[in-house]
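Shown below: query_27.pdb, with PDB, C-alpha atoms.
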ATOM      1  CA  MET A 966     180.336 183.778  89.214
ATOM      2  CA  PRO A 967     177.290 185.998  88.716
ATOM      3  CA  SER A 968     174.533 185.907  91.294
ATOM      4  CA  ALA A 969     171.560 183.691  90.592
ATOM      5  CA  PRO A 970     168.611 185.599  89.146
ATOM      6  CA  ALA A 971     166.682 187.164  92.003
ATOM      7  CA  GLU A 972     163.436 185.706  90.669
ATOM      8  CA  VAL A 973     164.518 182.144  91.504
ATOM      9  CA  GLN A 974     162.886 181.523  94.867
ATOM     10  CA  LEU A 975     164.806 178.786  96.650
ATOM     11  CA  PRO A 976     165.079 180.082 100.225
ATOM     12  CA  GLY A 977     168.349 179.228 101.915
ATOM     13  CA  VAL A 978     169.954 178.009  98.665
ATOM     14  CA  ASP A 979     172.423 179.924  96.504
ATOM     15  CA  THR A 980     171.604 178.415  93.103
ATOM     16  CA  ALA A 981     174.491 180.198  91.368
ATOM     17  CA  GLN A 982     176.945 178.613  93.796
ATOM     18  CA  GLY A 983     175.268 175.237  93.452
ATOM     19  CA  LEU A 984     175.452 175.385  89.658
ATOM     20  CA  HIS A 985     179.100 176.420  89.865
ATOM     21  CA  LEU A 986     179.873 173.407  92.048
ATOM     22  CA  VAL A 987     178.514 171.054  89.365
ATOM     23  CA  GLY A 988     180.182 172.834  86.470
ATOM     24  CA  GLY A 989     176.980 174.519  85.297
ATOM     25  CA  ASP A 990     175.180 171.219  84.699
ATOM     26  CA  GLY A 991     171.623 172.365  85.407
ATOM     27  CA  ALA A 992     170.009 168.964  84.912
ATOM     28  CA  PHE A 993     172.373 167.332  87.397
ATOM     29  CA  TYR A 994     171.930 170.199  89.839
ATOM     30  CA  LEU A 995     168.154 169.766  89.758
ATOM     31  CA  LYS A 996     168.654 166.078  90.551
ATOM     32  CA  LEU A 997     170.846 167.016  93.527
ATOM     33  CA  LEU A 998     168.206 169.429  94.795
ATOM     34  CA  GLU A 999     165.468 166.833  94.463
ATOM     35  CA  ARG A1000     167.626 164.188  96.155
ATOM     36  CA  PHE A1001     168.308 166.605  99.021
ATOM     37  CA  TRP A1002     164.606 167.355  99.385
ATOM     38  CA  ARG A1003     163.588 163.699  99.448
ATOM     39  CA  SER A1004     166.462 162.597 101.696
ATOM     40  CA  HIS A1005     166.005 165.241 104.383
ATOM     41  CA  GLN A1006     162.254 165.513 104.814
ATOM     42  CA  GLY A1007     162.533 163.601 108.103
ATOM     43  CA  THR A1008     165.950 164.837 109.223
ATOM     44  CA  ALA A1009     164.640 167.492 111.612
ATOM     45  CA  GLN A1010     162.525 164.985 113.510
ATOM     46  CA  ALA A1011     165.378 162.451 113.586
ATOM     47  CA  CYS A1012     167.828 165.036 114.954
ATOM     48  CA  SER A1013     165.376 166.076 117.646
ATOM     49  CA  ALA A1014     164.754 162.456 118.647
ATOM     50  CA  GLU A1015     168.470 161.627 118.820
ATOM     51  CA  ALA A1016     169.160 164.744 120.887
ATOM     52  CA  ALA A1017     166.316 163.898 123.276
ATOM     53  CA  ALA A1018     167.662 160.344 123.675
ATOM     54  CA  GLY A1019     171.243 161.552 124.147
ATOM     55  CA  ASP A1020     172.399 159.474 121.198
ATOM     56  CA  TRP A1021     175.348 161.744 120.449
ATOM     57  CA  PRO A1022     177.185 159.504 117.930
ATOM     58  CA  ALA A1023     174.039 159.099 115.815
ATOM     59  CA  LEU A1024     173.309 162.824 115.993
ATOM     60  CA  ALA A1025     176.876 163.745 115.050
ATOM     61  CA  HIS A1026     176.761 161.337 112.109
ATOM     62  CA  ARG A1027     173.431 162.692 110.885
ATOM     63  CA  ALA A1028     174.643 166.282 111.194
ATOM     64  CA  HIS A1029     177.817 165.371 109.288
ATOM     65  CA  SER A1030     175.785 163.894 106.428
ATOM     66  CA  LEU A1031     173.516 166.926 106.356
ATOM     67  CA  ARG A1032     176.531 169.207 106.318
ATOM     68  CA  GLY A1033     177.901 167.512 103.192
ATOM     69  CA  SER A1034     174.642 167.441 101.288
ATOM     70  CA  ALA A1035     173.861 171.067 102.178
ATOM     71  CA  ALA A1036     177.265 172.143 100.888
ATOM     72  CA  SER A1037     176.716 170.257  97.620
ATOM     73  CA  VAL A1038     173.589 172.269  96.737
ATOM     74  CA  GLY A1039     174.805 175.680  97.891
ATOM     75  CA  ALA A1040     172.859 175.863 101.171
ATOM     76  CA  GLN A1041     175.610 177.669 103.061
ATOM     77  CA  ALA A1042     173.732 178.741 106.197
ATOM     78  CA  LEU A1043     172.399 175.217 106.660
ATOM     79  CA  ARG A1044     175.868 173.766 106.120
ATOM     80  CA  GLU A1045     177.245 176.000 108.865
ATOM     81  CA  ALA A1046     174.403 175.079 111.238
ATOM     82  CA  ALA A1047     174.939 171.375 110.580
ATOM     83  CA  GLU A1048     178.663 171.750 111.213
ATOM     84  CA  ALA A1049     177.939 173.464 114.530
ATOM     85  CA  LEU A1050     175.540 170.690 115.549
ATOM     86  CA  GLU A1051     178.030 168.010 114.571
ATOM     87  CA  LEU A1052     180.676 169.662 116.749
ATOM     88  CA  ALA A1053     178.257 170.111 119.653
ATOM     89  CA  ALA A1054     177.142 166.478 119.496
ATOM     90  CA  SER A1055     180.742 165.280 119.321
ATOM     91  CA  ARG A1056     181.595 167.331 122.406
ATOM     92  CA  GLN A1057     178.235 166.606 124.059
ATOM     93  CA  ALA A1058     177.975 170.301 124.846
ATOM     94  CA  ASP A1059     175.593 173.074 123.753
ATOM     95  CA  VAL A1060     173.507 170.627 121.737
ATOM     96  CA  PRO A1061     170.163 172.366 122.455
ATOM     97  CA  VAL A1062     171.550 175.690 121.213
ATOM     98  CA  ALA A1063     173.019 174.161 118.061
ATOM     99  CA  LEU A1064     169.865 172.176 117.378
ATOM    100  CA  ALA A1065     167.692 175.270 117.856
ATOM    101  CA  ALA A1066     169.797 177.053 115.216
ATOM    102  CA  LEU A1067     169.734 174.143 112.774
ATOM    103  CA  LEU A1068     166.012 173.339 112.762
ATOM    104  CA  PRO A1069     164.749 176.610 111.226
ATOM    105  CA  ALA A1070     167.596 176.637 108.669
ATOM    106  CA  LEU A1071     166.736 173.078 107.632
ATOM    107  CA  ASP A1072     163.018 173.840 107.526
ATOM    108  CA  THR A1073     163.626 176.869 105.303
ATOM    109  CA  VAL A1074     165.500 174.824 102.701
ATOM    110  CA  VAL A1075     163.223 171.765 102.788
ATOM    111  CA  GLN A1076     160.030 173.842 102.607
ATOM    112  CA  GLY A1077     161.441 175.924  99.772
ATOM    113  CA  LEU A1078     162.297 172.799  97.813
ATOM    114  CA  GLU A1079     158.884 171.350  98.640
ATOM    115  CA  GLN A1080     157.226 174.336  97.008
ATOM    116  CA  PHE A1081     159.591 174.269  94.045
ATOM    117  CA  PHE A1082     159.205 170.581  93.259
ATOM    118  CA  ALA A1083     155.470 170.644  93.920
ATOM    119  CA  GLY A1084     155.370 173.081  91.003
ATOM    120  CA  ARG A1085     158.206 171.387  89.135
ATOM    121  CA  HIS A1086     156.462 171.735  85.798
ATOM    122  CA  ASP A1087     155.948 175.470  86.164
ATOM    123  CA  PRO A1088     157.722 176.668  82.997
ATOM    124  CA  ASP A1089     158.635 180.018  84.536
ATOM    125  CA  GLN A1090     160.505 178.436  87.454
ATOM    126  CA  VAL A1091     162.355 175.949  85.268
ATOM    127  CA  LEU A1092     163.225 178.704  82.790
ATOM    128  CA  LEU A1093     164.718 180.831  85.551
ATOM    129  CA  LEU A1094     166.942 177.999  86.743
ATOM    130  CA  ASN A1095     167.945 177.384  83.143
ATOM    131  CA  LYS A1096     168.857 181.057  82.880
ATOM    132  CA  ALA A1097     171.033 180.733  85.988
ATOM    133  CA  GLU A1098     172.775 177.777  84.343
ATOM    134  CA  ALA A1099     173.276 179.786  81.147
ATOM    135  CA  MET A1100     174.758 182.735  83.030
ATOM    136  CA  ALA A1101     177.130 180.418  84.884
ATOM    137  CA  ALA A1102     178.242 178.894  81.568
ATOM    138  CA  GLN A1103     178.703 182.341  80.067
ATOM    139  CA  ALA A1104     180.845 183.498  82.999
ATOM    140  CA  GLN A1105     183.037 180.390  82.757
ATOM    141  CA  LEU A1106     183.501 180.897  79.020
ATOM    142  CA  VAL A1107     184.598 184.492  79.675
ATOM    143  CA  VAL A1108     187.258 183.222  82.074
ATOM    144  CA  LEU A1109     188.540 180.712  79.509
ATOM    145  CA  LEU A1110     188.593 183.340  76.760
ATOM    146  CA  ASP A1111     190.489 185.776  78.974
ATOM    147  CA  ASP A1112     193.050 183.037  79.660
ATOM    148  CA  PHE A1113     193.311 182.183  75.927
ATOM    149  CA  SER A1114     192.665 178.617  77.009
ATOM    150  CA  GLY A1115     192.817 175.769  74.527
ATOM    151  CA  ASP A1116     189.709 174.369  76.223
ATOM    152  CA  VAL A1117     187.506 177.125  74.756
ATOM    153  CA  PRO A1118     186.239 175.249  71.646
ATOM    154  CA  ASP A1119     185.271 172.098  73.535
ATOM    155  CA  PHE A1120     183.673 174.038  76.383
ATOM    156  CA  PHE A1121     181.735 176.209  73.953
ATOM    157  CA  GLU A1122     180.251 173.166  72.251
ATOM    158  CA  GLN A1123     179.308 171.739  75.644
ATOM    159  CA  VAL A1124     177.445 174.865  76.785
ATOM    160  CA  ARG A1125     176.165 176.019  73.403
ATOM    161  CA  PRO A1126     172.497 175.116  74.134
ATOM    162  CA  SER A1127     172.608 177.106  77.383
ATOM    163  CA  LEU A1128     174.224 180.139  75.779
ATOM    164  CA  ALA A1129     171.528 180.160  73.107
ATOM    165  CA  GLN A1130     169.122 181.296  75.867
ATOM    166  CA  LEU A1131     171.124 184.491  76.386
ATOM    167  CA  LEU A1132     172.356 185.409  72.906
ATOM    168  CA  THR A1133     170.496 186.140  69.711
ATOM    169  CA  ALA A1134     170.912 183.732  66.808
ATOM    170  CA  SER A1135     173.123 186.282  65.064
ATOM    171  CA  ALA A1136     175.321 186.728  68.136
ATOM    172  CA  MET A1137     175.614 182.959  68.543
ATOM    173  CA  GLN A1138     176.719 182.667  64.915
ATOM    174  CA  ASP A1139     179.320 185.405  65.393
ATOM    175  CA  LEU A1140     180.554 183.828  68.631
ATOM    176  CA  ALA A1141     180.892 180.385  67.060
ATOM    177  CA  GLY A1142     182.814 181.830  64.109
ATOM    178  CA  HIS A1143     185.242 183.741  66.304
ATOM    179  CA  ILE A1144     185.892 180.713  68.491
ATOM    180  CA  GLU A1145     186.374 178.460  65.478
ATOM    181  CA  ARG A1146     189.053 180.887  64.206
ATOM    182  CA  TYR A1147     190.539 181.278  67.715
ATOM    183  CA  GLU A1148     189.656 184.978  67.685
ATOM    184  CA  PHE A1149     189.184 184.964  71.430
ATOM    185  CA  GLN A1150     189.175 188.744  71.936
ATOM    186  CA  ALA A1151     186.417 189.157  69.368
ATOM    187  CA  ALA A1152     184.482 186.303  70.977
ATOM    188  CA  ARG A1153     184.931 187.993  74.349
ATOM    189  CA  ALA A1154     183.437 191.186  72.905
ATOM    190  CA  VAL A1155     180.325 189.292  71.777
ATOM    191  CA  LEU A1156     179.896 187.888  75.281
ATOM    192  CA  ALA A1157     180.510 191.288  76.853
ATOM    193  CA  GLY A1158     177.531 192.611  74.932
ATOM    194  CA  ALA A1159     175.402 189.764  76.259
ATOM    195  CA  LEU A1160     176.638 190.386  79.820
ATOM    196  CA  CYS A1161     175.547 194.024  79.586
ATOM    197  CA  LYS A1162     172.172 192.967  78.213
ATOM    198  CA  ASN A1163     171.560 190.346  80.937
ATOM    199  CA  GLY A1164     173.433 191.898  83.820
TER     200      GLY A1164
END

Written form, structure tokens:
Amino acid sequence: MPSAPAEVQLPGVDTAQGLHLVGGDGAFYLKLLERFWRSHQGTAQACSAEAAAGDWPALAHRAHSLRGSAASVGAQALREAAEALELAASRQADVPVALAALLPALDTVVQGLEQFFAGRHDPDQVLLLNKAEAMAAQAQLVVLLDDFSGDVPDFFEQVRPSLAQLLTASAMQDLAGHIERYEFQAARAVLAGALCKNG
């Protein structure tokens, strides 16, 4: 998968990976990000309180939940920190060290999402995430074309609106025609031109 556009500022989150995990569904991915933001605004304080009280089962459970939700949005460093805290709480060993590593990683992601969703209607930010979705769809279509997959026509129709952000109207018309006639190599050439233009 291509990297997310550098202009998308979501600290601690790999948006390209997150989009890949949800099959390039940008609208659903945004919902996951917002759900993560709302669900974990108080997680840092809760983890600190459970650690201070020595409530290891509750802390391990909370870290496990955080680990899963971080993985689902592409927050890899936070996922790893949550996994380490879960293990430490389960073993009741090195919890302060694991917690000290998790808190800044969690704060980075939550604060980044706070800023993003506070400006949710900023057209530039939304456009950049849409571009990341379009590039993910384009990369997946390339893979299917290279494999001469029978899924190409259906997938193309599914991602057509996204691809229209990357290709000119003429290129989209050429691409659709090639795919309709199962001329996958010619379709691949159209996409290769777009990859050079956007890469």

Padded axis-aligned box of range 1141-1156 of chain A (8 Å per side), centre and edge lengths, Å, one decimal, as lines of an AutoDock Vina configuration file:
center_x = 185.2
center_y = 184.8
center_z = 69.7
size_x = 26.6
size_y = 28.7
size_z = 27.2

Report task. Could you tell me which residues the PyMOL selection byres ((chain A and resi 1108-1125) around 8) grabs in this file, written as a PyMOL selection string? Result -> chain A and resi 1099+1102+1104-1107+1126-1129+1144-1145+1149-1150+1152-1153

Report summary line: Of A:His1029, A:Ala1016, A:Leu997, A:Leu1132, the one nearest to Glu1048 in chain A when counting all atoms listed in the file is A:His1029

Report task. Pick out the closest residue to Val1075 in chain A from this set: A:His985, A:His1005, A:Arg1044, A:Arg1146. Count only C-alpha atoms. Result -> A:His1005

Query - Residue among A:Ala1014, A:Ala1070, A:Leu1131, A:Met1100 lying closest to Gln982 in chain A, counting all atoms listed in the file - result: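 Comparing A:Ala1014, A:Ala1070, A:Leu1131, A:Met1100 against Gln982 in chain A, the winner is A:Met1100.
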
Query - Selection result for the PyMOL selection byres ((chain A and resi 1011) around 12) on this file, as JSON, numbers by chain - result: {"A": [1004, 1005, 1006, 1007, 1008, 1009, 1010, 1012, 1013, 1014, 1015, 1016, 1017, 1018, 1020, 1023, 1024, 1025, 1026, 1027, 1028, 1031, 1064, 1068]}

Query - Output check: residues returned by the PyMOL selection byres ((chain A and resi 1063) around 8), as a list in words - result: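 Residues picked by the PyMOL selection byres ((chain A and resi 1063) around 8): Ala1046, Ala1049, Leu1050, Ala1053, Asp1059, Val1060, Pro1061, Val1062, Leu1064, Ala1065, Ala1066 and Leu1067 of chain A.
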
Requested in this report: Please indicate the distance in Å from CA of Val1155 in chain A to CA of Thr980 in chain A, rounded to one decimal place.
Outcome: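 These two atoms are separated by 25.5 Å.
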
Report task. Go through A:Ala1154, A:Leu1043, A:Leu1078, A:Ala1101 one by one, measure the shortest atom-to-atom distance of each to Arg1000 in chain A using only C-alpha atoms, and give the residue with the smallest value. Result -> A:Leu1078

**Report entry** Interatomic distance, CA of Gly1033 in chain A to CA of Trp1002 in chain A (Å, one decimal)
**Finding:**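 Distance between the two atoms: 13.8 Å.
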
Query raised in the report: Can you tell me how far CA of Pro976 in chain A sits from CA of Gln1103 in chain A, in Å to one decimal?
Result: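 It comes out at 24.4 Å.
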